[in-house]
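Q: Okay, here's the structure, questions in a sec.
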Amino acid sequence: MEFRTEVNIPPSENRISHESDILFMGSCFTEYIGSMMQELRFRVDLNPFGINYNPSSLSRNLWALLNGKQYTIKDLHEANGKWFSFDHHSQFSAGDSDACLKNINERIQFSGDRLSGTDFLLLTWGTAWVYVLKESATVVSNCHKLPSDKFSRHLLSVNQVVDTYTKLFAGLRSRIPEMKIILTVSPVRHWKDGPVLNTVSKSTLLLAAHRLTEMFSYCEYFPAYEIAMDDLRDYRFYGSDLVHPNQQMIRYIWEKFSAAYFDEMTIKLMGEIGKLTAARNHRPFDPASAQYRQFCKKQLEKAQRLEKDHPGLDLSELASFFSEPFNNS
């Protein structure tokens, strides 16, 4: 007998490897998967504007990258002793306007330089509800804890999202013709909207994603939301707030993602890198001992062998760590 409805995902024709350049943008779920890939030494650029939940702001962020936008003081605002951009997460905010602009523009420059070589763009939408700054009538990525009366709030329509991304995809593919796009809808429920309006929001995103995958052969959908809602379907897979996924859910969705997008060679390589990472995190009883030096020598040789066998794989940070006991001798 079967006691749950498992979401089975056919392997994608578009396989991701350690030679792929991947840009992740979107909600906190993007951070979960993107950071796991970074830890496994994939070539990942993760959220150059910070966490972003709505598709309208994400589109504007991508246009800024595509056009090489450099922010100026006119793009900043100041409140509560902080300078910030409504296009960015608060991680870019600073007490000084020059520092804020430096944080923003250096990050955009880094991601903009990489953009033309991007093989995969993974976008995670969190909500179709948007906040509009009344004084400029523009959708904001983040309200930066300003008073609510400075904003109006409305729900994007399916057509608005589809039209926005039809133009965006055309712009991206004109510059990066081989780029593949993966859309996901975050399994994190926006419970402050209430159960009904959260469902309306997620439904809007799901319908828009479905339309876009039907329109563009290079765009596909990964069902992270459905795995959480229909496959796991249990509060034991959530954190104490009963909204955000816990590590069990994240690992399970990661396994589904891996099976869909990685071939056997990549999965095997991930296992080897995972062992090296675990060794790097190991706390030795005596860092000066001959046993620990021998342990590091073995790990260093393994890292060097993997780099030799897999051109494009960068394990320099791990190699540097395991070289440290010999540098200090």
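Chain labels A, B, ... are given in the sequence in which chains occur in the structure tokens; within each chain residues are numbered consecutively from 1, and ligands are likewise numbered from 1 in the order shown.
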Report as an NGL selection string all protein, DNA and RNA residues lying within 12 Å of Arg153 in chain A, evaluated on only C-alpha atoms, omitting residues in the same chain fewer than 2 positions from it.
A: :A and (128-134 or 137-140 or 143 or 148-151 or 155-156 or 193)
Q: Could the residues in this selection be written to a file with N, CA and C atoms, as a CSV table (one decimal), in the first residue's frame?
A:
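Result file follows (again-v3.csv):
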chain,number,residue,atom,x,y,z
A,128,ALA,N,3.1,36.8,-5.3
A,128,ALA,CA,2.6,37.7,-6.3
A,128,ALA,C,2.1,39.0,-5.7
A,129,TRP,N,2.1,39.2,-4.4
A,129,TRP,CA,1.8,40.4,-3.8
A,129,TRP,C,3.0,41.4,-3.8
A,130,VAL,N,2.7,42.6,-4.2
A,130,VAL,CA,3.8,43.6,-4.3
A,130,VAL,C,3.4,44.8,-3.5
A,131,TYR,N,4.5,45.5,-3.1
A,131,TYR,CA,4.3,46.8,-2.4
A,131,TYR,C,4.8,47.9,-3.3
A,132,VAL,N,4.0,48.9,-3.5
A,132,VAL,CA,4.3,50.0,-4.4
A,132,VAL,C,4.6,51.3,-3.6
A,133,LEU,N,5.8,51.9,-3.8
A,133,LEU,CA,6.1,53.2,-3.1
A,133,LEU,C,5.2,54.3,-3.7
A,134,LYS,N,4.4,54.9,-2.9
A,134,LYS,CA,3.4,55.8,-3.4
A,134,LYS,C,4.0,57.0,-4.0
A,137,ALA,N,5.4,55.5,-7.4
A,137,ALA,CA,4.6,54.5,-8.1
A,137,ALA,C,5.4,53.3,-8.6
A,138,THR,N,6.5,53.0,-7.9
A,138,THR,CA,7.3,51.8,-8.3
A,138,THR,C,7.2,50.7,-7.3
A,139,VAL,N,7.3,49.5,-7.8
A,139,VAL,CA,7.3,48.3,-7.0
A,139,VAL,C,8.6,48.2,-6.3
A,140,VAL,N,8.6,47.9,-5.0
A,140,VAL,CA,9.9,47.8,-4.3
A,140,VAL,C,10.2,46.3,-4.0
A,143,CYS,N,10.7,46.8,1.8
A,143,CYS,CA,10.2,48.1,2.4
A,143,CYS,C,11.1,48.7,3.4
A,148,SER,N,4.0,51.7,6.9
A,148,SER,CA,3.1,51.1,5.9
A,148,SER,C,2.4,52.1,5.1
A,149,ASP,N,2.1,53.3,5.6
A,149,ASP,CA,1.3,54.3,4.9
A,149,ASP,C,2.1,54.9,3.7
A,150,LYS,N,3.4,54.6,3.6
A,150,LYS,CA,4.2,55.0,2.4
A,150,LYS,C,4.0,54.1,1.2
A,151,PHE,N,3.3,53.0,1.4
A,151,PHE,CA,3.1,52.0,0.4
A,151,PHE,C,1.7,51.6,0.1
A,155,LEU,N,-2.0,42.8,-5.9
A,155,LEU,CA,-1.7,41.5,-6.4
A,155,LEU,C,-1.4,41.5,-7.9
A,156,LEU,N,-0.3,41.0,-8.3
A,156,LEU,CA,0.0,40.9,-9.7
A,156,LEU,C,-0.9,39.9,-10.4
A,193,ASP,N,-0.3,36.9,4.8
A,193,ASP,CA,-1.4,37.2,3.9
A,193,ASP,C,-2.7,36.4,4.2
Q: Do you know which residues are at most 10 Å from range 92-106 of chain A counting only C-alpha atoms, after dropping those on the same chain fewer than 2 positions away, and could you put them as a ChimeraX atom specification?
A: /A:48-50,68-73,75-85,87-90,108-112,144
Q: What's the 12 Å shell around range 319-324 of chain A, counting only C-alpha atoms, without same-chain residues fewer than 3 positions away, as number ranges by chain?
A: A: 273, 276-277, 279-282, 287-288, 292-307, 314-316, 327-329
Q: Between CA of Arg41 in chain A and CA of Arg175 in chain A, what distance in Å does the model show, to one decimal?
A: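 Result for CA of Arg41 in chain A versus CA of Arg175 in chain A: 26.3 Å, one decimal.
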Q: Measuring between only C-alpha atoms, which one of A:Asp119, A:Asp231, A:Asp113, A:Asp263 shows the shortest distance to Asn67 in chain A?
A: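 Checking each of A:Asp119, A:Asp231, A:Asp113, A:Asp263 against Asn67 in chain A, counting only C-alpha atoms, the winner is A:Asp113.
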Q: Tell me which protein, DNA and RNA residues are within 10 Å of Cys219 in chain A, counting only C-alpha atoms, leaving out same-chain ones fewer than 3 positions away, and put them as a ChimeraX atom specification.
A: /A:120-122,169,179-183,209-210,212-216
Q: Tell me, in Å to one decimal, how far CA of Lys256 in chain A is from CA of Lys275 in chain A.
A: 20.6 Å
Q: Just list as a PyMOL selection string whatever in range 60-182 of chain A DSSP marks as strand (DSSP E or B).
A: chain A and resi 77-79+82-84+94+120-125+129-133+138-140+151-155+180-182
Q: Let me see the file: selected residues, C-alpha atoms, as a PDB file, in the first residue's frame.
A:
ATOM      1  CA  HIS A  77      16.991  56.736   0.264  1.00  0.00           C
ATOM      2  CA  GLU A  78      17.778  57.449   3.891  1.00  0.00           C
ATOM      3  CA  ALA A  79      15.783  56.549   6.986  1.00  0.00           C
ATOM      4  CA  LYS A  82      20.631  53.989   7.123  1.00  0.00           C
ATOM      5  CA  TRP A  83      21.056  54.535   3.393  1.00  0.00           C
ATOM      6  CA  PHE A  84      19.397  51.928   1.215  1.00  0.00           C
ATOM      7  CA  ALA A  94      24.912  51.259   5.282  1.00  0.00           C
ATOM      8  CA  PHE A 120      21.536  28.404 -16.183  1.00  0.00           C
ATOM      9  CA  LEU A 121      19.336  31.051 -14.586  1.00  0.00           C
ATOM     10  CA  LEU A 122      17.273  29.728 -11.683  1.00  0.00           C
ATOM     11  CA  LEU A 123      14.505  32.057 -10.497  1.00  0.00           C
ATOM     12  CA  THR A 124      12.391  31.430  -7.413  1.00  0.00           C
ATOM     13  CA  TRP A 125       9.212  33.470  -6.988  1.00  0.00           C
ATOM     14  CA  TRP A 129       1.758  40.438  -3.775  1.00  0.00           C
ATOM     15  CA  VAL A 130       3.793  43.590  -4.326  1.00  0.00           C
ATOM     16  CA  TYR A 131       4.347  46.806  -2.380  1.00  0.00           C
ATOM     17  CA  VAL A 132       4.343  50.039  -4.368  1.00  0.00           C
ATOM     18  CA  LEU A 133       6.071  53.162  -3.079  1.00  0.00           C
ATOM     19  CA  THR A 138       7.300  51.848  -8.294  1.00  0.00           C
ATOM     20  CA  VAL A 139       7.270  48.299  -6.960  1.00  0.00           C
ATOM     21  CA  VAL A 140       9.879  47.792  -4.251  1.00  0.00           C
ATOM     22  CA  PHE A 151       3.125  51.965   0.352  1.00  0.00           C
ATOM     23  CA  SER A 152       0.133  50.548  -1.409  1.00  0.00           C
ATOM     24  CA  ARG A 153      -0.246  46.830  -1.922  1.00  0.00           C
ATOM     25  CA  HIS A 154      -1.723  44.867  -4.778  1.00  0.00           C
ATOM     26  CA  LEU A 155      -1.706  41.462  -6.415  1.00  0.00           C
ATOM     27  CA  LYS A 180      18.537  27.852 -19.941  1.00  0.00           C
ATOM     28  CA  ILE A 181      15.985  29.107 -17.418  1.00  0.00           C
ATOM     29  CA  ILE A 182      14.530  27.157 -14.484  1.00  0.00           C
TER      30      ILE A 182
END
Q: Might you pull out every residue within 6 Å of range 53-61 of chain A, with only C-alpha atoms counted and same-chain residues fewer than 5 positions away left off, and present them as a PDB file with C-alpha atoms, in the first residue's frame?
A:
ATOM      1  CA  GLY A  26      14.808  35.065  -5.793  1.00  0.00           C
ATOM      2  CA  SER A  27      13.383  34.180  -2.429  1.00  0.00           C
ATOM      3  CA  TRP A 125       9.212  33.470  -6.988  1.00  0.00           C
ATOM      4  CA  GLY A 126       7.827  33.779  -3.476  1.00  0.00           C
ATOM      5  CA  THR A 127       4.699  35.918  -3.756  1.00  0.00           C
ATOM      6  CA  ALA A 128       2.570  37.727  -6.315  1.00  0.00           C
ATOM      7  CA  SER A 141      11.906  44.697  -3.469  1.00  0.00           C
TER       8      SER A 141
END
Q: For Cys28 in chain A, find every residue with an atom within 7 Å (counting only C-alpha atoms), except residues of its own chain fewer than 3 positions away, and show them as a list in words.
A: Glu31, Tyr32 and Ile51 of chain A
Q: Store the residues picked out above, limited to C-alpha atoms, as a PDB file, in the first residue's frame.
A:
ATOM      1  CA  GLU A  31      19.374  30.781  -0.853  1.00  0.00           C
ATOM      2  CA  TYR A  32      18.847  27.241   0.459  1.00  0.00           C
ATOM      3  CA  ILE A  51      16.728  37.968  -1.244  1.00  0.00           C
TER       4      ILE A  51
END
